[in-house]
Structures are given as C-alpha cells and as structure tokens.
$ cat coords25.tsv   # TSV, C-alpha atoms and all ligand atoms
chain	number	residue	atom	x	y	z
A	99	MET	CA	-107.36	136.77	179.03
A	100	LYS	CA	-107.46	140.45	179.85
A	101	ILE	CA	-106.10	142.63	177.03
A	102	ILE	CA	-105.01	146.17	177.89
A	103	PRO	CA	-104.01	148.43	174.98
A	104	ILE	CA	-101.25	150.83	176.02
A	105	PRO	CA	-100.88	153.87	173.76
A	106	VAL	CA	-97.16	154.57	173.25
A	107	LEU	CA	-95.16	157.08	171.18
A	108	ALA	CA	-97.30	159.08	168.73
A	109	ASP	CA	-99.68	156.38	167.45
A	110	ASN	CA	-98.34	152.95	168.49
A	111	TYR	CA	-100.10	150.36	170.62
A	112	ALA	CA	-98.36	148.01	173.02
A	113	TYR	CA	-100.68	145.39	174.53
A	114	LEU	CA	-100.49	143.94	178.02
A	115	LEU	CA	-101.97	140.42	178.04
A	116	ILE	CA	-102.92	139.01	181.42
A	117	ASP	CA	-103.83	135.48	182.41
A	118	GLU	CA	-106.10	136.36	185.30
A	119	ALA	CA	-105.94	132.84	186.82
A	120	THR	CA	-102.16	132.98	187.35
A	121	LYS	CA	-101.52	136.77	187.23
A	122	GLN	CA	-98.83	136.13	184.60
A	123	ALA	CA	-98.58	138.71	181.84
A	124	GLY	CA	-96.95	139.23	178.47
A	125	VAL	CA	-96.54	142.41	176.49
A	126	VAL	CA	-96.72	142.73	172.72
A	127	ASP	CA	-94.47	145.36	171.05
A	128	PRO	CA	-93.33	147.57	173.95
A	129	SER	CA	-92.07	150.64	172.09
A	130	GLU	CA	-91.24	152.28	175.39
A	131	ALA	CA	-90.72	150.75	178.81
A	132	GLY	CA	-92.28	153.41	181.08
A	133	PRO	CA	-95.99	153.13	180.24
A	134	VAL	CA	-95.73	149.33	180.11
A	135	ALA	CA	-93.99	149.07	183.51
A	136	ASP	CA	-96.61	151.41	185.02
A	137	THR	CA	-99.43	149.24	183.71
A	138	VAL	CA	-97.79	146.02	184.96
A	139	LYS	CA	-97.50	147.51	188.47
A	140	ARG	CA	-100.99	148.98	188.47
A	141	GLU	CA	-102.45	145.59	187.52
A	142	GLY	CA	-100.34	143.76	190.12
A	143	VAL	CA	-99.18	141.11	187.65
A	144	THR	CA	-95.88	139.38	186.86
A	145	LEU	CA	-94.38	140.27	183.50
A	146	SER	CA	-92.97	137.01	182.17
A	147	SER	CA	-92.71	137.64	178.43
A	148	ILE	CA	-92.20	140.24	175.73
A	149	ILE	CA	-93.38	139.41	172.22
A	150	ASN	CA	-92.03	141.45	169.30
A	151	THR	CA	-93.99	141.22	166.05
A	152	HIS	CA	-90.96	142.64	164.22
A	153	HIS	CA	-87.66	144.38	164.84
A	154	HIS	CA	-88.59	148.03	164.13
A	155	TRP	CA	-87.58	150.40	166.92
A	156	ASP	CA	-91.18	151.50	167.54
A	157	HIS	CA	-91.99	147.87	168.49
A	158	VAL	CA	-88.87	146.81	170.43
A	159	GLY	CA	-87.73	150.11	172.01
A	160	GLY	CA	-88.65	149.10	175.57
A	161	ASN	CA	-87.19	145.55	175.49
A	162	GLU	CA	-83.94	146.13	177.33
A	163	GLU	CA	-85.26	148.44	180.02
A	164	LEU	CA	-88.14	146.06	180.76
A	165	ALA	CA	-85.76	143.07	180.87
A	166	LYS	CA	-83.66	144.94	183.41
A	167	GLU	CA	-86.64	145.91	185.55
A	168	PHE	CA	-88.47	142.55	185.40
A	169	ALA	CA	-85.90	139.81	186.00
A	170	GLY	CA	-86.32	136.60	184.02
A	171	VAL	CA	-88.56	138.04	181.33
A	172	LYS	CA	-88.34	136.10	178.04
A	173	ILE	CA	-88.18	138.03	174.77
A	174	TYR	CA	-89.75	136.34	171.73
A	175	GLY	CA	-89.12	137.24	168.10
A	176	HIS	CA	-88.65	135.56	164.73
A	177	LYS	CA	-85.35	133.70	164.31
A	178	ARG	CA	-84.44	135.89	161.31
A	179	ASP	CA	-84.46	138.90	163.64
A	180	GLN	CA	-82.02	137.48	166.17
A	181	ALA	CA	-79.37	140.09	165.30
A	182	ARG	CA	-81.72	143.06	165.24
A	183	THR	CA	-84.05	142.47	168.21
A	184	PRO	CA	-82.57	143.88	171.45
A	185	GLY	CA	-82.34	141.27	174.23
A	186	ILE	CA	-84.06	138.47	172.30
A	187	THR	CA	-84.03	135.15	174.19
A	188	ASN	CA	-86.53	132.94	172.35
A	189	LEU	CA	-86.29	132.49	168.57
A	190	VAL	CA	-89.56	131.43	166.98
A	191	ASP	CA	-90.94	130.44	163.58
A	192	GLU	CA	-94.26	129.47	161.99
A	193	GLY	CA	-96.36	127.26	164.25
A	194	ASP	CA	-94.24	127.63	167.39
A	195	THR	CA	-96.21	128.14	170.58
A	196	MET	CA	-95.69	130.02	173.83
A	197	LYS	CA	-97.67	130.42	177.04
A	198	ILE	CA	-98.75	133.36	179.13
A	199	GLY	CA	-99.60	131.65	182.40
A	200	GLY	CA	-102.01	128.94	181.30
A	201	ILE	CA	-102.96	130.52	177.98
A	202	THR	CA	-101.42	129.22	174.77
A	203	ALA	CA	-100.54	131.36	171.75
A	204	ARG	CA	-99.04	130.34	168.43
A	205	PHE	CA	-96.86	132.29	166.05
A	206	LEU	CA	-97.82	132.89	162.44
A	207	PHE	CA	-94.90	133.80	160.15
A	208	ILE	CA	-96.03	136.71	157.93
A	209	PRO	CA	-92.92	138.19	156.27
A	210	CYS	CA	-93.16	141.31	154.05
A	211	HIS	CA	-93.27	144.55	156.07
A	212	THR	CA	-90.04	143.04	157.44
A	213	ASN	CA	-88.72	139.59	156.55
A	214	GLY	CA	-88.97	138.41	160.16
A	215	HIS	CA	-92.50	139.59	160.92
A	216	VAL	CA	-94.79	137.39	163.00
A	217	ALA	CA	-98.35	137.57	164.32
A	218	LEU	CA	-99.34	136.14	167.69
A	219	HIS	CA	-102.59	134.16	167.59
A	220	PHE	CA	-104.62	133.02	170.61
A	221	PRO	CA	-107.02	130.41	169.20
A	222	ASN	CA	-109.05	129.92	172.39
A	223	GLU	CA	-109.19	133.63	173.19
A	224	LYS	CA	-110.09	134.47	169.59
A	225	ALA	CA	-107.52	137.25	169.25
A	226	VAL	CA	-104.61	137.96	166.92
A	227	PHE	CA	-101.86	140.58	167.26
A	228	THR	CA	-100.80	141.61	163.78
A	229	GLY	CA	-98.11	144.26	164.32
A	230	ASP	CA	-97.50	146.29	161.16
A	231	THR	CA	-98.80	143.68	158.70
A	232	LEU	CA	-102.59	143.95	159.03
A	233	PHE	CA	-103.95	147.27	160.27
A	234	ILE	CA	-107.63	148.05	160.69
A	235	ALA	CA	-108.67	148.67	157.07
A	236	GLY	CA	-105.05	148.69	155.93
A	237	CYS	CA	-101.71	146.93	155.67
A	238	GLY	CA	-98.09	147.84	156.41
A	239	ARG	CA	-95.56	149.05	153.87
A	240	LEU	CA	-93.78	146.39	151.84
A	241	PHE	CA	-90.28	147.16	153.13
A	242	GLU	CA	-88.73	143.68	152.87
A	243	GLY	CA	-91.14	141.71	150.73
A	244	THR	CA	-93.31	141.68	147.62
A	245	ALA	CA	-96.98	142.31	146.92
A	246	GLU	CA	-97.32	138.56	146.60
A	247	ASP	CA	-95.93	138.09	150.13
A	248	MET	CA	-98.40	140.65	151.50
A	249	HIS	CA	-101.29	139.04	149.63
A	250	ASN	CA	-100.32	135.66	151.11
A	251	ASN	CA	-100.28	137.27	154.58
A	252	MET	CA	-103.77	138.73	154.07
A	253	VAL	CA	-105.08	135.33	152.94
A	254	LYS	CA	-103.45	133.64	155.93
A	255	LEU	CA	-104.86	136.09	158.49
A	256	MET	CA	-108.30	136.08	156.85
A	257	SER	CA	-108.36	132.28	157.18
A	258	LEU	CA	-108.61	132.67	160.98
A	259	PRO	CA	-112.16	132.33	162.37
A	260	ASP	CA	-114.38	135.31	161.48
A	261	ASP	CA	-114.90	136.28	165.12
A	262	THR	CA	-111.15	136.57	165.81
A	263	ARG	CA	-110.40	140.05	167.19
A	264	VAL	CA	-107.67	141.95	165.34
A	265	TYR	CA	-105.23	144.05	167.42
A	266	CYS	CA	-102.72	145.96	165.30
A	267	GLY	CA	-99.57	148.00	165.93
A	268	HIS	CA	-100.74	151.52	165.05
A	269	GLU	CA	-103.76	153.81	165.29
A	270	TYR	CA	-104.07	154.41	161.53
A	271	THR	CA	-107.76	153.55	161.23
A	272	VAL	CA	-109.25	156.91	160.17
A	273	LYS	CA	-106.67	157.54	157.44
A	274	ASN	CA	-106.96	153.92	156.25
A	275	LEU	CA	-110.74	154.18	155.96
A	276	GLN	CA	-110.51	157.50	154.11
A	277	PHE	CA	-108.24	155.75	151.62
A	278	ALA	CA	-110.57	152.71	151.44
A	279	LEU	CA	-113.47	155.03	150.67
A	280	SER	CA	-111.51	156.63	147.81
A	281	LEU	CA	-111.45	153.21	146.11
A	282	GLU	CA	-114.92	152.01	147.17
A	283	PRO	CA	-117.08	155.13	147.60
A	284	SER	CA	-120.29	153.09	147.69
A	285	ASN	CA	-119.15	150.64	150.41
A	286	ALA	CA	-121.63	151.35	153.25
A	287	LYS	CA	-119.56	149.35	155.79
A	288	VAL	CA	-116.55	151.57	155.11
A	289	GLN	CA	-118.67	154.73	155.38
A	290	ALA	CA	-120.15	153.63	158.71
A	291	LYS	CA	-116.82	152.47	160.15
A	292	LEU	CA	-115.17	155.78	159.17
A	293	GLN	CA	-117.89	157.77	160.93
A	294	TRP	CA	-117.51	155.56	164.00
A	295	ALA	CA	-113.70	155.78	163.96
A	296	GLN	CA	-113.79	159.58	163.70
A	297	ASP	CA	-116.16	159.72	166.68
A	298	MET	CA	-113.86	157.45	168.69
A	299	ARG	CA	-110.76	159.50	167.86
A	300	ALA	CA	-112.56	162.75	168.74
A	301	LYS	CA	-112.90	161.23	172.24
A	302	LYS	CA	-109.25	160.05	172.07
A	303	ALA	CA	-110.54	156.47	172.31
A	304	PRO	CA	-108.79	153.62	170.48
A	305	THR	CA	-110.36	152.01	167.41
A	306	ILE	CA	-108.95	148.54	168.11
A	307	PRO	CA	-109.91	145.77	167.90
A	308	SER	CA	-111.73	144.98	164.69
A	309	THR	CA	-112.51	141.40	163.68
A	310	VAL	CA	-111.52	139.17	160.78
A	311	ALA	CA	-115.14	139.36	159.52
A	312	GLU	CA	-115.00	143.16	159.55
A	313	GLU	CA	-111.67	143.32	157.72
A	314	LYS	CA	-113.20	141.25	154.93
A	315	GLU	CA	-115.81	144.02	154.55
A	316	ILE	CA	-113.64	147.13	154.87
A	317	ASN	CA	-109.97	146.40	154.13
A	318	PRO	CA	-108.90	147.32	150.56
A	319	PHE	CA	-105.84	145.04	150.79
A	320	VAL	CA	-108.15	142.12	151.53
A	321	ARG	CA	-110.79	143.27	148.99
A	322	VAL	CA	-108.47	143.22	145.96
A	323	LEU	CA	-111.01	141.24	143.92
A	324	ASN	CA	-113.86	143.71	144.56
A	325	GLY	CA	-115.26	145.18	141.34
A	326	GLU	CA	-115.60	148.82	142.41
A	327	LEU	CA	-112.11	148.82	143.94
A	328	GLN	CA	-110.62	147.25	140.82
A	329	ALA	CA	-112.37	149.78	138.55
A	330	ASN	CA	-110.95	152.69	140.56
A	331	VAL	CA	-107.45	151.20	140.60
A	332	LYS	CA	-107.70	150.65	136.84
A	333	LYS	CA	-108.63	154.32	136.31
A	334	GLN	CA	-105.22	155.25	137.68
A	335	PHE	CA	-103.31	152.27	136.26
A	336	PRO	CA	-105.08	151.37	132.97
A	337	ASP	CA	-102.68	148.48	132.27
A	338	VAL	CA	-103.07	146.74	135.64
A	339	ALA	CA	-103.83	143.02	135.47
A	340	LEU	CA	-106.86	142.23	137.60
A	341	ASP	CA	-105.39	139.41	139.67
A	342	ALA	CA	-105.15	139.76	143.45
A	343	VAL	CA	-101.38	140.35	143.62
A	344	SER	CA	-101.26	142.98	140.84
A	345	VAL	CA	-104.21	144.88	142.33
A	346	LEU	CA	-102.66	144.75	145.80
A	347	ALA	CA	-99.38	146.13	144.42
A	348	LYS	CA	-101.12	149.10	142.79
A	349	THR	CA	-103.40	149.66	145.80
A	350	ARG	CA	-100.33	149.80	148.04
A	351	GLN	CA	-98.68	152.26	145.62
A	352	LEU	CA	-101.76	154.49	145.78
A	353	LYS	CA	-101.79	154.30	149.58
A	354	ASP	CA	-98.09	155.26	149.76
A	355	ASN	CA	-99.04	158.55	148.10
A	356	PHE	CA	-102.44	159.11	149.73
B	1	ZN	ZN	-92.86	148.49	161.51
B	2	FE	FE	-94.58	150.33	163.48
$ encode --input "coords25.tsv" --output "structure tokens"
Amino acid sequence: MKIIPIPVLADNYAYLLIDEATKQAGVVDPSEAGPVADTVKREGVTLSSIINTHHHWDHVGGNEELAKEFAGVKIYGHKRDQARTPGITNLVDEGDTMKIGGITARFLFIPCHTNGHVALHFPNEKAVFTGDTLFIAGCGRLFEGTAEDMHNNMVKLMSLPDDTRVYCGHEYTVKNLQFALSLEPSNAKVQAKLQWAQDMRAKKAPTIPSTVAEEKEINPFVRVLNGELQANVKKQFPDVALDAVSVLAKTRQLKDNF
C-alpha cells in the first residue's frame, strides 16, 4: 500500500492510501477536498472510500465535496457519529473491517477525544491511523471521555506489533517532545527525537510516521509508570496517586497548560 500524507489546513494530515494492484484508493480524514482531489488525480487512482477517525470539522471538512466529485465514494465513521459526520454511508464499530482494493483494514474503537473516535489498522501493511487519539509523543485532549478511557486507548494501541507505523492527525511532534522532555529531561530517546523533529520541520518535512516501539520510548501518555516522569508530575501535584490513570490525568492537565 502506498501512503501519501497530504498536509491540510494549518497542521492537519489527510492520508491517501493506494492499493497499487487495483489503483483503488481511500482517504483518511480529508479536512479539505481540494488538496485531496488534486492528489487523487495526480496519482491516477479511483477514490472509493473516505475514512473519518472522528467527527471534528478538521477531519471531515472535505467529505461532501469529495462525495460530489467522486461518485460512489463510501464514507466510514463510528456509528455514534452518524448524526455529526457529513455524508456518512457506512457505520462501523470495534472489529469491523473494510477494504481498499484488495487490502483489508480493521477499525479499533478508541473513544475519549470524542466518544465516536476510531483508529484504522492495516495488520498486513503494519500501519495504524490514529486521528487525534495518539499523536507522535502525545495524545489528544479528553473532550468526551476520561483519563481512564485515554489510558485504555494507549494500552490498546501499544498492544499492536512494535513495528506498526503510527500516522496521526496533526503535526504536533516538536511541541509534544518539548513537553515530554520537561517531564523526562534525562530521556535520551526524547532528546534525539526532538533534535530530529526540529531538523525535519526546519525543512518543512513531516515527522510522521513513528512506530509503536518508538512511542513506548518517547510518549509521556504511554510512559505513565516511568519513575522520572512520575517524580516530575508529583512535584507539581504532591497528592497524585502513582497509578497509570491518575498520572495520565495529571500529565494531560500539565500538557493543556504547556
Ligand atoms: Zn479532533
Ligand atoms: Fe484534529
């Protein structure tokens, strides 16, 4: 599968996914139609599906225009988001599958950022599209769920094979790593990744994808049981209980104000 990141809006990524054997394509989170339609035409492929990780406007904004331009396109989203996903045709839930040409993907239900958030996982291609739930070295805001929900989502995504590539919804990597470093100043993997990410952004290059293995080394919302991170969270919240969910809640609170 060919994966083409398409930068949209200020810092969003839509992704065009192409099955090269059949020239069928799907797009994940088309915030705007124009850049996606241009990429579809340039690649000479047939757009057969739109996959929305969640209903926010910066992930679904191009749905209706694309559906008009590319007749017969199916629009996938979680069943809870039926009323708030423009043009939705296919309601999905945990474990449901879909195909782009001959390539199979399955949906993981990961509610919290919104209560109808899904990830799209390609087991054979070793790739997962995580929307605004798992960012590189970060996680999304807890708009419609609890710290426990987000912790469960991190555990679920980190249970995918270590070499799974992680493609997220926004280019937040540098800021996320600066925050990670504030909680784990001696983490050499975070230091190195931050330097690398700053170099990439200076060239206007994207920092996606990372991998599941890498997130385990650099992501503070995954590393809630790390000693240095916990000590630094405790400095600011002396009464925090040192279980995963409590530490994630306080880490998220710190990130909201970073
Ligand atoms: Zn969002
Ligand atoms: Fe977003």
$ closest_atom_pairs --input "coords25.tsv" --of "chain A" --to "ligand FE 2 (chain B)" --cutoff "8 Å" --atoms "only C-alpha atoms and all ligand atoms" --output "Markdown table"
| residue | atom | partner | partner_atom | distance |
| --- | --- | --- | --- | --- |
| A:Asn110 | CA | B:FE2 | FE | 6.8 |
| A:His154 | CA | B:FE2 | FE | 6.4 |
| A:Trp155 | CA | B:FE2 | FE | 7.8 |
| A:Asp156 | CA | B:FE2 | FE | 5.4 |
| A:His157 | CA | B:FE2 | FE | 6.2 |
| A:Gly229 | CA | B:FE2 | FE | 7.1 |
| A:Asp230 | CA | B:FE2 | FE | 5.5 |
| A:Gly267 | CA | B:FE2 | FE | 6.0 |
| A:His268 | CA | B:FE2 | FE | 6.5 |
$ residues_around --input "coords25.tsv" --residues "Asp127 of chain A" --least-positions-apart "2" --cutoff "9 Å" --atoms "all atoms listed in the file" --output "list in words"
Asn110, Tyr111, Ala112, Tyr113, Val125, Ser129, Glu130, Ile148, Ile149, Asn150, Thr151, His152, Asp156, His157, Val158, Gly159, Gly160, Asn161, Gly229 and Gly267 of chain A
$ residues_around --input "coords25.tsv" --residues "Ala311 of chain A" --least-positions-apart "6" --cutoff "8 Å" --atoms "all atoms listed in the file" --output "PDB file with C-alpha atoms, keeping the file's coordinate frame"
ATOM      1  CA  ASP A 260    -114.380 135.310 161.480  1.00  0.00           C
ATOM      2  CA  ASP A 261    -114.900 136.280 165.120  1.00  0.00           C
ATOM      3  CA  THR A 262    -111.150 136.570 165.810  1.00  0.00           C
TER       4      THR A 262
END
$ residues_around --input "coords25.tsv" --residues "segment 300-302 of chain A" --least-positions-apart "6" --cutoff "12 Å" --atoms "all atoms listed in the file" --output "PDB file with C-alpha atoms, in the coordinates of the input"
ATOM      1  CA  PRO A 105    -100.880 153.870 173.760  1.00  0.00           C
ATOM      2  CA  ASP A 109     -99.680 156.380 167.450  1.00  0.00           C
ATOM      3  CA  GLU A 269    -103.760 153.810 165.290  1.00  0.00           C
ATOM      4  CA  VAL A 272    -109.250 156.910 160.170  1.00  0.00           C
ATOM      5  CA  GLN A 293    -117.890 157.770 160.930  1.00  0.00           C
ATOM      6  CA  TRP A 294    -117.510 155.560 164.000  1.00  0.00           C
TER       7      TRP A 294
END
$ atom_distance --input "coords25.tsv" --atom1 "atom CA of Glu163 of chain A" --atom2 "atom CA of Pro184 of chain A"
10.1 Å
$ closest_atom_pairs --input "coords25.tsv" --of "segment 184-246 of chain A" --to "segment 318-330 of chain A" --cutoff "9 Å" --atoms "only C-alpha atoms" --output "Markdown table"
| residue | atom | partner | partner_atom | distance |
| --- | --- | --- | --- | --- |
| A:Leu232 | CA | A:Phe319 | CA | 8.9 |
| A:Ala235 | CA | A:Pro318 | CA | 6.7 |
| A:Gly236 | CA | A:Phe319 | CA | 6.4 |
| A:Cys237 | CA | A:Phe319 | CA | 6.7 |
$ residues_near_point --input "coords25.tsv" --point "(-104.7, 154.4, 145.6)" --cutoff "9 Å" --atoms "all atoms listed in the file" --output "ChimeraX atom specification"
/A:277-278,280-281,330-331,334,348-356
$ residues_near_point --input "coords25.tsv" --point "(-95.0, 137.6, 159.5)" --cutoff "9 Å" --atoms "all atoms listed in the file" --output "number ranges by chain"
A: 151-152, 176, 192, 205-217, 228-229, 231, 251
$ atom_distance --input "coords25.tsv" --atom1 "atom CA of Asn250 of chain A" --atom2 "atom CA of Leu346 of chain A"
10.8 Å
$ residues_around --input "coords25.tsv" --residues "Lys291 of chain A" --least-positions-apart "4" --cutoff "12 Å" --atoms "all atoms listed in the file" --output "short mmCIF file (atom, residue, chain, number, x, y, z; two decimals) with C-alpha atoms, in the frame of the given file"
data_model
loop_
_atom_site.label_atom_id
_atom_site.label_comp_id
_atom_site.auth_asym_id
_atom_site.auth_seq_id
_atom_site.Cartn_x
_atom_site.Cartn_y
_atom_site.Cartn_z
CA ILE A 234 -107.63 148.05 160.69
CA ALA A 235 -108.67 148.67 157.07
CA THR A 271 -107.76 153.55 161.23
CA VAL A 272 -109.25 156.91 160.17
CA LYS A 273 -106.67 157.54 157.44
CA ASN A 274 -106.96 153.92 156.25
CA LEU A 275 -110.74 154.18 155.96
CA GLN A 276 -110.51 157.50 154.11
CA ALA A 278 -110.57 152.71 151.44
CA LEU A 279 -113.47 155.03 150.67
CA ASN A 285 -119.15 150.64 150.41
CA ALA A 286 -121.63 151.35 153.25
CA LYS A 287 -119.56 149.35 155.79
CA ALA A 295 -113.70 155.78 163.96
CA GLN A 296 -113.79 159.58 163.70
CA ASP A 297 -116.16 159.72 166.68
CA MET A 298 -113.86 157.45 168.69
CA THR A 305 -110.36 152.01 167.41
CA ILE A 306 -108.95 148.54 168.11
CA SER A 308 -111.73 144.98 164.69
CA GLU A 312 -115.00 143.16 159.55
CA GLU A 313 -111.67 143.32 157.72
CA GLU A 315 -115.81 144.02 154.55
CA ILE A 316 -113.64 147.13 154.87
CA ASN A 317 -109.97 146.40 154.13
#
$ atom_distance --input "coords25.tsv" --atom1 "atom CA of Leu114 of chain A" --atom2 "atom CA of Cys266 of chain A"
13.1 Å
$ closest_residue --input "coords25.tsv" --among "A:Val171, A:Leu258, A:Ile186, A:Ala131" --to "Ala225 of chain A" --atoms "all atoms listed in the file"
A:Leu258
$ closest_residue --input "coords25.tsv" --among "A:Arg239, A:Arg204, A:Lys332, A:Lys177" --to "ligand ZN 1 (chain B)" --atoms "all atoms listed in the file"
A:Arg239
$ closest_residue --input "coords25.tsv" --among "A:Leu240, A:Met196, A:Leu145, A:Ile101" --to "ligand ZN 1 (chain B)" --atoms "all atoms listed in the file"
A:Leu240
$ closest_residue --input "coords25.tsv" --among "A:Lys254, A:His153, A:Ala339, A:Pro221" --to "ligand ZN 1 (chain B)" --atoms "only C-alpha atoms and all ligand atoms"
A:His153
$ axis_aligned_box --input "coords25.tsv" --around "segment 242-258 of chain A" --padding-each-side "8 Å" --output "AutoDock Vina command-line options"
--center_x -98.7 --center_y 138.0 --center_z 153.8 --size_x 35.9 --size_y 27.4 --size_z 30.4
$ residues_around --input "coords25.tsv" --residues "Phe168 of chain A" --least-positions-apart "2" --cutoff "9 Å" --atoms "all atoms listed in the file" --output "list in words"
Ala135, Thr144, Leu145, Ser146, Glu163, Leu164, Ala165, Lys166, Gly170 and Val171 of chain A
$ decode --input "coords25.tsv" --residues "segment 290-353 of chain A" --atoms "C-alpha atoms" --output "mmCIF file, in the first residue's frame"
data_model
loop_
_atom_site.group_PDB
_atom_site.id
_atom_site.type_symbol
_atom_site.label_atom_id
_atom_site.label_comp_id
_atom_site.auth_asym_id
_atom_site.auth_seq_id
_atom_site.Cartn_x
_atom_site.Cartn_y
_atom_site.Cartn_z
ATOM 1 C CA ALA A 290 17.330 12.727 19.965
ATOM 2 C CA LYS A 291 13.813 12.621 18.513
ATOM 3 C CA LEU A 292 13.286 16.310 19.354
ATOM 4 C CA GLN A 293 16.505 17.283 17.571
ATOM 5 C CA TRP A 294 15.464 15.189 14.571
ATOM 6 C CA ALA A 295 11.913 16.599 14.533
ATOM 7 C CA GLN A 296 13.200 20.181 14.675
ATOM 8 C CA ASP A 297 15.511 19.461 11.728
ATOM 9 C CA MET A 298 12.623 17.960 9.757
ATOM 10 C CA ARG A 299 10.322 20.910 10.467
ATOM 11 C CA ALA A 300 13.055 23.390 9.507
ATOM 12 C CA LYS A 301 12.914 21.710 6.068
ATOM 13 C CA LYS A 302 9.081 21.741 6.212
ATOM 14 C CA ALA A 303 9.186 17.933 6.119
ATOM 15 C CA PRO A 304 6.611 15.853 8.007
ATOM 16 C CA THR A 305 7.577 13.942 11.163
ATOM 17 C CA ILE A 306 5.157 11.072 10.553
ATOM 18 C CA PRO A 307 5.193 8.146 10.867
ATOM 19 C CA SER A 308 6.656 6.940 14.133
ATOM 20 C CA THR A 309 6.262 3.343 15.277
ATOM 21 C CA VAL A 310 4.609 1.645 18.228
ATOM 22 C CA ALA A 311 8.089 0.736 19.550
ATOM 23 C CA GLU A 312 9.153 4.384 19.388
ATOM 24 C CA GLU A 313 6.029 5.646 21.152
ATOM 25 C CA LYS A 314 6.817 3.304 24.033
ATOM 26 C CA GLU A 315 10.166 5.122 24.365
ATOM 27 C CA ILE A 316 9.086 8.746 23.906
ATOM 28 C CA ASN A 317 5.369 9.238 24.607
ATOM 29 C CA PRO A 318 4.621 10.574 28.124
ATOM 30 C CA PHE A 319 0.998 9.371 27.924
ATOM 31 C CA VAL A 320 2.277 5.847 27.324
ATOM 32 C CA ARG A 321 5.129 6.195 29.863
ATOM 33 C CA VAL A 322 2.895 6.990 32.851
ATOM 34 C CA LEU A 323 4.674 4.390 35.003
ATOM 35 C CA ASN A 324 8.159 5.818 34.328
ATOM 36 C CA GLY A 325 9.933 6.889 37.524
ATOM 37 C CA GLU A 326 11.402 10.195 36.337
ATOM 38 C CA LEU A 327 8.105 11.232 34.752
ATOM 39 C CA GLN A 328 6.176 10.331 37.894
ATOM 40 C CA ALA A 329 8.625 12.267 40.111
ATOM 41 C CA ASN A 330 8.198 15.392 37.977
ATOM 42 C CA VAL A 331 4.404 15.078 37.923
ATOM 43 C CA LYS A 332 4.455 14.624 41.708
ATOM 44 C CA LYS A 333 6.490 17.829 42.127
ATOM 45 C CA GLN A 334 3.551 19.737 40.673
ATOM 46 C CA PHE A 335 0.795 17.557 42.158
ATOM 47 C CA PRO A 336 2.170 16.268 45.503
ATOM 48 C CA ASP A 337 -1.025 14.309 46.264
ATOM 49 C CA VAL A 338 -1.183 12.412 42.961
ATOM 50 C CA ALA A 339 -1.631 8.651 43.261
ATOM 51 C CA LEU A 340 1.014 6.869 41.214
ATOM 52 C CA ASP A 341 -1.260 4.574 39.216
ATOM 53 C CA ALA A 342 -1.356 4.851 35.421
ATOM 54 C CA VAL A 343 -4.745 6.583 35.166
ATOM 55 C CA SER A 344 -4.047 9.217 37.856
ATOM 56 C CA VAL A 345 -0.645 10.038 36.355
ATOM 57 C CA LEU A 346 -2.139 10.279 32.859
ATOM 58 C CA ALA A 347 -4.827 12.668 34.144
ATOM 59 C CA LYS A 348 -2.246 14.995 35.700
ATOM 60 C CA THR A 349 0.109 14.700 32.712
ATOM 61 C CA ARG A 350 -2.745 15.720 30.416
ATOM 62 C CA GLN A 351 -3.554 18.657 32.721
ATOM 63 C CA LEU A 352 0.079 19.801 32.542
ATOM 64 C CA LYS A 353 0.069 19.468 28.748
#
